[in-house]
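With compact mmCIF, C-alpha atoms inside, this is upload.txt:
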# COMPACT_ATOMS: atom_id res chain seq x y z
CA LEU A 1 64.31 141.73 83.99
CA ILE A 2 61.65 142.89 86.44
CA PRO A 3 62.78 141.90 89.96
CA PHE A 4 59.55 140.46 91.37
CA GLU A 5 59.50 139.63 95.08
CA ARG A 6 59.08 135.86 95.45
CA SER A 7 59.48 135.33 99.19
CA GLY A 8 58.13 131.85 99.83
CA VAL A 9 54.85 132.18 97.95
CA HIS A 10 55.66 129.57 95.33
CA GLY A 11 55.94 126.74 97.84
CA LYS A 12 52.57 127.69 99.32
CA TYR A 13 50.72 127.53 96.01
CA ARG A 14 52.58 124.46 94.75
CA SER A 15 51.46 122.52 97.84
CA GLN A 16 47.87 123.65 97.23
CA PHE A 17 48.03 122.41 93.63
CA ALA A 18 49.21 118.98 94.83
CA GLU A 19 46.08 118.54 96.96
CA ARG A 20 42.78 117.26 95.57
CA LYS A 21 39.40 117.50 97.29
CA ARG A 22 36.55 115.03 97.03
CA VAL A 23 33.84 116.30 94.70
CA ASP A 24 31.15 118.15 96.62
CA HIS A 25 28.32 120.59 95.99
CA ASP A 26 30.84 123.40 95.56
CA PHE A 27 32.33 121.80 92.45
CA ASN A 28 30.44 124.08 90.03
CA ASN A 29 32.02 127.13 91.67
CA SER A 30 35.46 125.80 90.74
CA GLU A 31 34.67 125.87 87.04
CA SER A 32 33.94 128.43 84.36
CA THR A 33 30.51 130.01 84.71
CA PHE A 34 30.01 129.78 80.91
CA ILE A 35 31.24 126.45 79.56
CA GLY A 36 32.89 124.10 82.03
CA SER A 37 34.97 121.00 81.41
CA ILE A 38 33.66 119.10 78.39
CA ILE A 39 33.41 115.32 78.44
CA PHE A 40 33.33 112.72 75.68
CA PRO A 41 32.47 109.47 77.51
CA GLU A 42 32.78 107.31 74.40
CA ARG A 43 36.49 108.13 74.28
CA LYS A 44 36.91 108.63 78.03
CA LEU A 45 38.07 112.15 77.30
CA LEU A 46 37.76 115.30 79.42
CA ILE A 47 38.99 118.64 78.09
CA CYS A 48 38.83 121.97 79.88
CA THR A 49 38.78 124.94 77.52
CA MET A 50 39.06 128.45 78.93
CA ALA A 51 38.19 131.78 77.37
CA LYS A 52 41.16 133.40 75.62
CA SER A 53 43.12 130.11 75.51
CA SER A 54 42.32 128.83 72.00
CA SER A 55 38.96 127.68 73.32
CA SER A 56 36.96 128.35 70.14
CA ASN A 57 39.01 125.95 68.02
CA ILE A 58 38.89 123.13 70.54
CA ARG A 59 35.18 123.58 71.28
CA ALA A 60 34.43 123.46 67.55
CA LEU A 61 36.36 120.20 67.33
CA LEU A 62 34.50 118.73 70.31
CA LEU A 63 31.17 119.81 68.82
CA ARG A 64 32.11 118.06 65.59
CA MET A 65 32.97 114.92 67.54
CA HIS A 66 29.71 115.07 69.49
CA SER A 67 27.60 115.65 66.37
CA LEU A 68 29.27 112.79 64.49
CA HIS A 69 28.69 110.46 67.39
CA ALA A 70 25.04 111.52 67.68
CA SER A 71 24.58 111.06 63.95
CA ASN A 72 26.16 107.62 64.03
CA GLU A 73 23.82 106.56 66.80
CA MET A 74 20.83 107.75 64.77
CA VAL A 75 22.14 105.95 61.66
CA LYS A 76 22.54 102.69 63.57
CA LYS A 77 19.04 103.06 64.95
CA SER A 78 17.49 103.84 61.56
CA LEU A 79 19.34 100.98 59.84
CA GLY A 80 18.53 98.49 62.59
CA MET A 81 22.15 98.02 63.58
CA ASN A 82 23.26 96.71 66.95
CA PRO A 83 23.90 99.65 69.34
CA ASP A 84 27.32 98.19 70.17
CA GLU A 85 28.28 97.75 66.51
CA HIS A 86 31.12 100.00 65.38
CA ILE A 87 30.43 102.46 62.60
CA GLU A 88 33.07 104.50 60.84
CA GLU A 89 32.67 108.24 61.35
CA ASP A 90 32.98 108.87 57.63
CA VAL A 91 30.10 106.49 56.98
CA GLY A 92 28.07 108.30 59.60
CA ALA A 93 28.74 111.59 57.88
CA GLU A 94 27.57 110.15 54.55
CA HIS A 95 24.36 109.02 56.20
CA GLN A 96 23.62 112.42 57.72
CA ARG A 97 20.88 113.12 55.18
CA ILE A 98 19.24 109.76 55.84
CA SER A 99 19.46 110.32 59.57
CA SER A 100 18.09 113.84 59.32
CA PHE A 101 15.24 112.78 56.99
CA LEU A 102 14.16 109.94 59.27
CA ASN A 103 14.21 112.17 62.34
CA VAL A 104 12.55 115.38 61.15
CA ALA A 105 9.62 114.73 63.46
CA GLU A 106 11.93 114.23 66.40
CA SER A 107 13.77 117.44 65.57
CA ARG A 108 10.53 119.40 65.41
CA ASN A 109 9.41 117.92 68.70
CA SER A 110 12.72 118.89 70.30
CA ALA A 111 12.33 122.42 68.96
CA GLU A 112 8.87 122.68 70.46
CA GLN A 113 10.16 121.50 73.79
CA GLY A 114 12.96 124.05 73.60
CA GLU A 115 10.69 127.06 73.11
CA SER A 116 10.43 127.66 76.82
CA ASN A 117 14.19 128.03 77.24
CA GLY A 118 14.90 130.00 74.07
CA LEU A 119 16.28 127.07 72.06
CA SER A 120 13.43 126.77 69.58
CA ASP A 121 15.58 127.87 66.64
CA MET A 122 18.46 125.52 67.47
CA PRO A 123 18.85 122.22 65.59
CA SER A 124 19.31 118.82 67.19
CA LEU A 125 22.91 117.83 67.80
CA HIS A 126 22.90 115.14 65.10
CA HIS A 127 21.86 117.77 62.54
CA LEU A 128 25.06 119.77 62.94
CA VAL A 129 26.71 118.27 59.88
CA THR A 130 28.85 121.02 58.37
CA GLN A 131 31.82 123.10 59.38
CA SER A 132 29.63 126.21 59.42
CA ASP A 133 27.39 124.46 61.98
CA TRP A 134 30.31 123.57 64.24
CA LEU A 135 31.68 127.11 64.08
CA LYS A 136 28.29 128.74 64.57
CA TYR A 137 27.40 126.78 67.69
CA THR A 138 30.87 126.20 69.12
CA ASN A 139 30.26 128.50 72.10
CA VAL A 140 26.67 127.45 72.82
CA PRO A 141 26.76 125.66 76.21
CA GLU A 142 23.66 123.55 75.45
CA PHE A 143 25.52 121.67 72.69
CA HIS A 144 28.38 120.53 74.92
CA ARG A 145 28.31 117.66 77.38
CA GLN A 146 29.72 119.23 80.51
CA LEU A 147 31.21 117.41 83.46
CA ARG A 148 29.21 119.45 85.97
CA SER A 149 25.94 118.20 84.44
CA LEU A 150 26.62 114.80 86.00
CA PRO A 151 25.72 113.75 89.57
CA ILE A 152 28.46 114.30 92.14
CA ASP A 153 29.24 110.58 92.44
CA GLN A 154 29.75 110.25 88.67
CA ILE A 155 32.04 113.29 88.59
CA GLN A 156 34.10 111.73 91.37
CA LYS A 157 34.20 108.42 89.49
CA ILE A 158 35.65 110.16 86.42
CA ALA A 159 38.11 112.08 88.60
CA ASP A 160 39.31 108.80 90.13
CA ASP A 161 39.38 106.78 86.90
CA PRO A 162 42.96 106.60 85.50
CA SER A 163 41.66 105.38 82.14
CA TRP A 164 40.11 108.80 81.46
CA LEU A 165 42.34 111.25 79.59
CA LYS A 166 42.05 114.66 81.28
CA VAL A 167 43.46 117.70 79.48
CA ALA A 168 43.46 121.42 80.34
CA ILE A 169 44.63 124.21 78.02
CA VAL A 170 46.16 127.30 79.59
CA ARG A 171 47.80 130.53 78.48
CA ASN A 172 50.37 132.93 79.90
CA PRO A 173 48.36 135.35 82.08
CA PHE A 174 50.11 138.41 80.64
CA PHE A 175 49.23 137.52 77.06
CA ARG A 176 45.76 136.28 77.97
CA LEU A 177 44.76 139.50 79.74
CA ALA A 178 46.17 141.68 76.97
CA SER A 179 44.27 139.59 74.42
CA ALA A 180 41.04 139.95 76.40
CA TYR A 181 41.53 143.72 76.54
CA ILE A 182 41.89 143.98 72.76
CA GLU A 183 39.09 141.64 71.79
CA LYS A 184 36.56 142.41 74.51
CA ILE A 185 37.24 145.82 76.04
CA GLN A 186 38.58 147.87 73.14
CA SER A 187 35.80 146.56 70.91
CA LYS A 188 33.19 147.40 73.58
CA LYS A 189 31.91 143.82 73.64
CA MET A 190 32.26 143.80 77.41
CA GLU A 191 32.34 146.33 80.22
CA LEU A 192 34.18 146.33 83.52
CA PRO A 193 32.51 146.64 86.92
CA GLY A 194 32.68 150.16 88.31
CA TYR A 195 33.76 151.76 85.04
CA PRO A 196 31.53 154.30 83.23
CA ASN A 197 29.36 152.61 80.60
CA GLY A 198 30.24 153.33 77.00
CA LYS A 199 33.78 154.46 77.75
CA ILE A 200 36.89 152.46 76.91
CA PRO A 201 39.39 152.23 79.78
CA THR A 202 43.07 152.52 79.08
CA PHE A 203 45.09 149.36 79.44
CA ALA A 204 46.41 150.62 82.77
CA GLU A 205 42.90 151.31 84.04
CA TYR A 206 41.78 147.90 82.89
CA ILE A 207 44.61 146.13 84.72
CA ASN A 208 44.00 148.18 87.86
CA ILE A 209 40.31 147.20 87.86
CA ILE A 210 40.65 143.46 87.24
CA THR A 211 43.47 143.10 89.77
CA THR A 212 41.62 144.90 92.56
CA VAL A 213 38.10 143.47 92.26
CA GLU A 214 37.51 141.69 95.57
CA ASP A 215 35.11 139.07 94.23
CA ALA A 216 36.58 137.62 91.03
CA LYS A 217 33.17 136.21 90.12
CA GLN A 218 32.07 139.74 89.31
CA LEU A 219 34.36 139.44 86.30
CA SER A 220 33.81 137.58 83.07
CA ASP A 221 35.67 134.29 82.70
CA HIS A 222 37.92 136.13 80.23
CA PHE A 223 39.49 138.04 83.12
CA ARG A 224 39.40 135.48 85.92
CA GLU A 225 42.27 133.31 87.13
CA GLN A 226 42.57 130.18 85.02
CA SER A 227 43.25 128.25 88.21
CA SER A 228 39.61 128.90 89.20
CA LEU A 229 38.01 127.73 85.93
CA CYS A 230 38.73 124.00 85.49
CA GLY A 231 37.99 122.35 88.81
CA PHE A 232 41.70 121.97 89.55
CA ASP A 233 40.89 121.51 93.24
CA TYR A 234 39.11 118.28 92.31
CA ILE A 235 40.55 116.99 89.02
CA ASP A 236 44.09 115.71 88.58
CA TYR A 237 44.71 116.48 84.91
CA ASN A 238 47.00 114.21 82.91
CA TYR A 239 48.15 117.02 80.67
CA ILE A 240 48.19 120.81 80.96
CA ILE A 241 49.05 122.30 77.57
CA GLN A 242 50.45 125.81 77.26
CA VAL A 243 49.13 127.68 74.23
CA GLU A 244 52.47 129.44 73.68
CA HIS A 245 54.64 126.32 73.60
CA ASP A 246 54.13 124.08 70.55
CA PHE A 247 50.41 123.93 71.26
CA GLN A 248 49.38 122.42 67.93
CA GLN A 249 52.00 119.69 68.11
CA HIS A 250 51.11 118.81 71.70
CA PHE A 251 47.39 118.77 71.02
CA ARG A 252 47.90 116.55 67.99
CA CYS A 253 49.72 114.10 70.26
CA ILE A 254 46.72 114.12 72.59
CA ALA A 255 44.39 113.57 69.61
CA HIS A 256 46.52 110.69 68.38
CA LYS A 257 46.50 109.10 71.83
CA ALA A 258 42.71 109.45 72.09
CA GLY A 259 42.05 108.32 68.51
CA PHE A 260 40.64 111.46 66.90
CA LEU A 261 43.69 112.87 65.09
CA ARG A 262 41.91 112.62 61.71
CA LEU A 263 39.27 115.04 62.95
CA VAL A 264 42.00 117.53 63.84
CA ASP A 265 44.02 117.25 60.64
CA SER A 266 41.21 117.24 58.07
CA GLY A 267 37.64 118.24 57.45
CA TRP A 268 38.21 121.98 57.90
CA GLY A 269 38.64 124.91 55.56
CA ASP A 270 36.76 125.80 52.37
CA ASP A 271 37.49 122.47 50.69
CA GLY A 272 37.40 120.31 53.81
CA THR A 273 41.04 119.31 53.59
CA ALA A 274 42.58 121.81 56.01
CA SER A 275 43.57 121.37 59.65
CA LEU A 276 41.50 122.57 62.60
CA PHE A 277 44.19 125.10 63.39
CA SER A 278 43.76 126.84 60.04
CA VAL A 279 40.23 127.91 61.02
CA ARG A 280 39.69 131.55 61.95
CA PHE A 281 36.85 132.76 64.11
CA GLY A 282 37.05 136.49 63.40
CA HIS A 283 38.52 137.55 66.72
CA GLU A 284 42.15 136.62 66.16
CA ARG A 285 44.84 139.25 66.43
CA GLY A 286 44.85 141.65 63.51
CA ASN A 287 46.40 144.97 62.57
CA HIS A 288 44.15 146.70 65.09
CA ALA A 289 45.96 145.04 67.99
CA HIS A 290 48.17 147.96 68.92
CA PHE A 291 48.77 149.94 72.08
CA ASN A 292 50.12 153.44 72.60
CA ASP A 293 53.30 153.76 74.63
CA SER A 294 51.32 154.70 77.74
CA ASP A 295 49.32 151.47 77.52
CA LEU A 296 52.21 149.01 77.58
CA TYR A 297 52.86 146.83 80.58
CA THR A 298 54.90 148.87 83.03
CA HIS A 299 56.78 147.45 85.97
CA ASP A 300 53.89 148.24 88.32
CA LEU A 301 51.20 146.83 86.03
CA ALA A 302 53.13 143.63 85.40
CA LYS A 303 53.70 143.21 89.12
CA LYS A 304 49.98 143.67 89.84
CA VAL A 305 49.11 140.98 87.33
CA TYR A 306 51.74 138.63 88.71
CA MET A 307 50.58 139.01 92.29
CA ARG A 308 46.86 138.71 91.46
CA TYR A 309 47.31 135.73 89.13
CA ILE A 310 50.17 134.10 91.00
CA LYS A 311 48.40 130.73 91.12
CA ASP A 312 48.28 130.68 87.33
CA PHE A 313 52.00 131.42 87.11
CA VAL A 314 53.00 128.84 89.70
CA TRP A 315 50.54 126.04 88.94
CA PHE A 316 51.04 126.14 85.17
CA GLY A 317 54.78 126.75 85.05
CA TYR A 318 54.85 130.33 83.79
CA LYS A 319 57.65 132.69 84.78
CA PRO A 320 57.45 136.50 84.76
CA ASP A 321 60.69 136.71 82.79
CA LEU A 322 59.01 135.00 79.81
CA PHE A 323 56.99 138.14 79.30
CA GLU A 324 59.78 140.48 80.35
CA MET A 325 62.03 139.09 77.63
CA THR A 326 59.23 139.54 75.11
CA LEU A 327 58.83 143.15 76.11
CA ALA A 328 62.52 143.78 75.56
CA ASN A 329 62.23 142.61 71.95
CA GLN A 330 59.14 144.64 71.04
CA THR A 331 59.13 147.96 69.29
CA HIS A 332 58.08 150.83 71.51
CA SER A 333 55.19 151.73 69.19
CA SER A 334 53.14 148.54 69.30
CA PHE A 335 52.37 145.59 71.47
CA ALA A 336 52.50 142.29 69.60
CA LEU A 337 50.88 139.24 71.12
CA SER A 338 52.08 135.68 70.92
CA GLY A 339 49.53 133.13 69.75
CA SER A 340 45.92 133.60 68.76
CA ILE A 341 43.54 135.93 70.52

Output the file's structure in the form of structure tokens.
Amino acid sequence: LIPFERSGVHGKYRSQFAERKRVDHDFNNSESTFIGSIIFPERKLLICTMAKSSSSNIRALLLRMHSLHASNEMVKKSLGMNPDEHIEEDVGAEHQRISSFLNVAESRNSAEQGESNGLSDMPSLHHLVTQSDWLKYTNVPEFHRQLRSLPIDQIQKIADDPSWLKVAIVRNPFFRLASAYIEKIQSKKMELPGYPNGKIPTFAEYINIITTVEDAKQLSDHFREQSSLCGFDYIDYNYIIQVEHDFQQHFRCIAHKAGFLRLVDSGWGDDGTASLFSVRFGHERGNHAHFNDSDLYTHDLAKKVYMRYIKDFVWFGYKPDLFEMTLANQTHSSFALSGSI
């Protein structure tokens, strides 16, 4: 095992994690710059999804939940139902065509209003009725209700309210950074600050860059500390789920508790009977996810990651030896990742 130096730093960061600040104007800086914590007020649910931590699946689910709720509200309005009257989600789905037909004018008006901000070709939320819609728009910030869109006093109210279920999904920093390298850097989807454009850095160069950038906000959320992406300084989360440890089972328990397990276990796949976790987004690990020997985590690279992302390790219960043991079991010719990219 790699003998990391651990002289007293854990106690320092653990005490920081135990403290919570009152929500202020700096709250937005404590969240992801892309999509922050997503709220579902009707279920008193808050979920923070972070890049490279199974975020696409969960965001698709939340978009489905939002679209079904929006559709149900339109159905109740069009059928003259009481706003407080309960409507089954399946019934709402069956009435999607009615809802869409009755609100074509509204949709067109919304599109016209969206021309100035580039949203003219985007449908209204209650028109996202199919799995292809949810997958297509899963990472479009405008379709998600984000906590930071609320006034400061309302954010604080949610933070203080014990009846709200607050969930964050995290991933082992070693795996997360390796995944980001494969899917974003090797594929040339993203570039690193200070590195020649058009060239692909080696894994070692990549680690050296992201662990030495002074201002982490110069980096994409894919490479930033997870501890800086979910408002942890302000929000006391009920559950922090680790992607590597029985993630599907734990998330299903959350869904059962919050009353949306059916939307997790069905409605996905080609025939609509598959689970959310069977869906693939095209960027999962494939046969291309290999490193040469020189690109594997070395002692020095692993130590750099540990020291730069130490809050993630300490706050979320990750130990360096989890990855060290994995390295010992890998073949020297390839680098296999645990979990989805």

Option closest in space to Glu214 in chain A, from A:Ser278, A:Asp246, A:Arg308, A:Gly269 [counting all atoms listed in the file]: A:Arg308

What is the CA of Thr212 in chain A-CA of Tyr309 in chain A distance in Å, reported with one decimal?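 If I compute the distance from CA of Thr212 in chain A to CA of Tyr309 in chain A, I get 11.3 Å.
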
Rank nothing, just name the residue among A:Pro196, A:Gly267, A:Gly317, A:Gly272 nearest to Arg171 in chain A, using only C-alpha atoms. A:Gly317

Would you work out the distance separating CA of Tyr306 in chain A from CA of Asn208 in chain A, expressed in Å to one decimal?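 Rounded to one decimal, the two atoms are 12.3 Å apart.
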
Pick from A:Lys257, A:Lys157, A:Lys52, A:Lys319: nearest to Val23 in chain A, with only C-alpha atoms counted? A:Lys157

Got a sec: who's within 12 Å of Phe316 in chain A, counting only C-alpha atoms, leaving out chain neighbours fewer than 3 positions off, as a PyMOL selection string? chain A and resi 10+13-14+17+168-173+225-227+232+237+239-243+309-313+319

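For the set A:Met81, A:Ile38, A:Cys230, A:Leu45, the residue with the smallest atom-to-atom gap to Asp161 in chain A is A:Leu45, counting only C-alpha atoms.
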
Which residues, written as a list of chain:residue names, have at least one atom at most 12 Å from His25 in chain A, with all atoms listed in the file counted and residues fewer than 5 positions away on the same chain left out? A:Ser30, A:Arg148, A:Leu150, A:Pro151, A:Ile152, A:Asp153, A:Ile155, A:Gln156, A:Tyr234

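For the pair CA of His222 in chain A and CA of Lys21 in chain A, the interatomic distance is 25.3 Å.
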
Between A:Lys189, A:His245, A:Lys199, A:Arg59, which is the closest to Tyr318 in chain A once you count all atoms listed in the file?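 Selected residue with least distance to Tyr318 in chain A: A:His245.
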
Hey, could you make a per-residue contact list for range 115-213 of chain A against range 298-301 of chain A with 12 Å as the cut-off, showing the nearest pair of atoms and its distance in Å to one decimal, counting only C-alpha atoms, sorted by chain and number, as a tab-separated table?
residue	atom	partner	partner_atom	distance
A:Phe174	CA	A:Leu301	CA	10.1
A:Leu177	CA	A:Leu301	CA	11.6
A:Ala178	CA	A:Leu301	CA	11.6
A:Phe203	CA	A:Leu301	CA	9.3
A:Ala204	CA	A:Leu301	CA	6.9
A:Glu205	CA	A:Leu301	CA	9.6
A:Tyr206	CA	A:Leu301	CA	10.0
A:Ile207	CA	A:Leu301	CA	6.8
A:Asn208	CA	A:Leu301	CA	7.6
A:Ile209	CA	A:Leu301	CA	11.0
A:Ile210	CA	A:Leu301	CA	11.1
A:Thr211	CA	A:Leu301	CA	9.4
A:Thr212	CA	A:Leu301	CA	11.8

Nearest residue to His144 in chain A from the set A:Trp268, A:Tyr195, A:Phe27, A:Phe40 (distances using only C-alpha atoms):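 Once distances to His144 in chain A are computed over only C-alpha atoms, the minimum belongs to A:Phe40.
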
Which polymer residues, protein or nucleic acid, are no farther than 8 Å from (31.3, 143.1, 89.0), counting only C-alpha atoms, as a ChimeraX atom specification? /A:192-194,213,215-219

Could you check which residues have any atom within 10 Å of (40.4, 108.2, 81.5), counting only C-alpha atoms with coordinates taken straight from the file, and then list them as an MDAnalysis selection string? chainID A and resid 41 43:46 158:166 237:238 258

Any chance you can output those residues with C-alpha atoms as a tab-separated table (two decimals), keeping the file's coordinate frame?
chain	number	residue	atom	x	y	z
A	41	PRO	CA	32.47	109.47	77.51
A	43	ARG	CA	36.49	108.13	74.28
A	44	LYS	CA	36.91	108.63	78.03
A	45	LEU	CA	38.07	112.15	77.30
A	46	LEU	CA	37.76	115.30	79.42
A	158	ILE	CA	35.65	110.16	86.42
A	159	ALA	CA	38.11	112.08	88.60
A	160	ASP	CA	39.31	108.80	90.13
A	161	ASP	CA	39.38	106.78	86.90
A	162	PRO	CA	42.96	106.60	85.50
A	163	SER	CA	41.66	105.38	82.14
A	164	TRP	CA	40.11	108.80	81.46
A	165	LEU	CA	42.34	111.25	79.59
A	166	LYS	CA	42.05	114.66	81.28
A	237	TYR	CA	44.71	116.48	84.91
A	238	ASN	CA	47.00	114.21	82.91
A	258	ALA	CA	42.71	109.45	72.09

Would you mind putting back N, CA, C and O atoms on range 56-73 of chain A, then writing it out as a short mmCIF file (atom, residue, chain, number, x, y, z; two decimals), keeping the file's coordinate frame?
data_model
loop_
_atom_site.label_atom_id
_atom_site.label_comp_id
_atom_site.auth_asym_id
_atom_site.auth_seq_id
_atom_site.Cartn_x
_atom_site.Cartn_y
_atom_site.Cartn_z
N SER A 56 37.90 128.47 71.25
CA SER A 56 36.96 128.35 70.14
C SER A 56 37.31 127.20 69.21
O SER A 56 36.44 126.43 68.79
N ASN A 57 38.59 127.05 68.89
CA ASN A 57 39.01 125.95 68.02
C ASN A 57 38.69 124.59 68.64
O ASN A 57 38.11 123.71 67.99
N ILE A 58 39.06 124.43 69.90
CA ILE A 58 38.89 123.13 70.54
C ILE A 58 37.42 122.82 70.75
O ILE A 58 36.97 121.68 70.58
N ARG A 59 36.62 123.82 71.10
CA ARG A 59 35.18 123.58 71.28
C ARG A 59 34.53 123.21 69.95
O ARG A 59 33.61 122.39 69.91
N ALA A 60 34.97 123.83 68.86
CA ALA A 60 34.43 123.46 67.55
C ALA A 60 34.75 122.01 67.23
O ALA A 60 33.92 121.27 66.70
N LEU A 61 35.97 121.59 67.54
CA LEU A 61 36.36 120.20 67.33
C LEU A 61 35.49 119.26 68.17
O LEU A 61 34.99 118.24 67.66
N LEU A 62 35.29 119.59 69.44
CA LEU A 62 34.50 118.73 70.31
C LEU A 62 33.05 118.68 69.86
O LEU A 62 32.39 117.63 69.94
N LEU A 63 32.54 119.80 69.35
CA LEU A 63 31.17 119.81 68.82
C LEU A 63 31.07 118.92 67.59
O LEU A 63 30.08 118.19 67.42
N ARG A 64 32.09 118.95 66.75
CA ARG A 64 32.11 118.06 65.59
C ARG A 64 32.11 116.60 66.04
O ARG A 64 31.36 115.77 65.50
N MET A 65 32.91 116.28 67.04
CA MET A 65 32.97 114.92 67.54
C MET A 65 31.62 114.48 68.13
O MET A 65 31.15 113.37 67.88
N HIS A 66 31.01 115.38 68.89
CA HIS A 66 29.71 115.07 69.49
C HIS A 66 28.64 114.86 68.41
O HIS A 66 27.82 113.94 68.50
N SER A 67 28.63 115.74 67.40
CA SER A 67 27.60 115.65 66.37
C SER A 67 27.77 114.39 65.53
O SER A 67 26.79 113.74 65.15
N LEU A 68 29.02 114.02 65.24
CA LEU A 68 29.27 112.79 64.49
C LEU A 68 28.83 111.57 65.27
O LEU A 68 28.24 110.63 64.72
N HIS A 69 29.12 111.59 66.57
CA HIS A 69 28.69 110.46 67.39
C HIS A 69 27.17 110.37 67.45
O HIS A 69 26.59 109.28 67.31
N ALA A 70 26.50 111.51 67.63
CA ALA A 70 25.04 111.52 67.68
C ALA A 70 24.45 111.04 66.36
O ALA A 70 23.48 110.28 66.33
N SER A 71 25.06 111.48 65.26
CA SER A 71 24.58 111.06 63.95
C SER A 71 24.76 109.56 63.75
O SER A 71 23.88 108.87 63.24
N ASN A 72 25.92 109.06 64.16
CA ASN A 72 26.16 107.62 64.03
C ASN A 72 25.15 106.80 64.81
O ASN A 72 24.69 105.74 64.35
N GLU A 73 24.81 107.27 65.99
CA GLU A 73 23.82 106.56 66.80
C GLU A 73 22.46 106.56 66.11
O GLU A 73 21.74 105.55 66.13
#
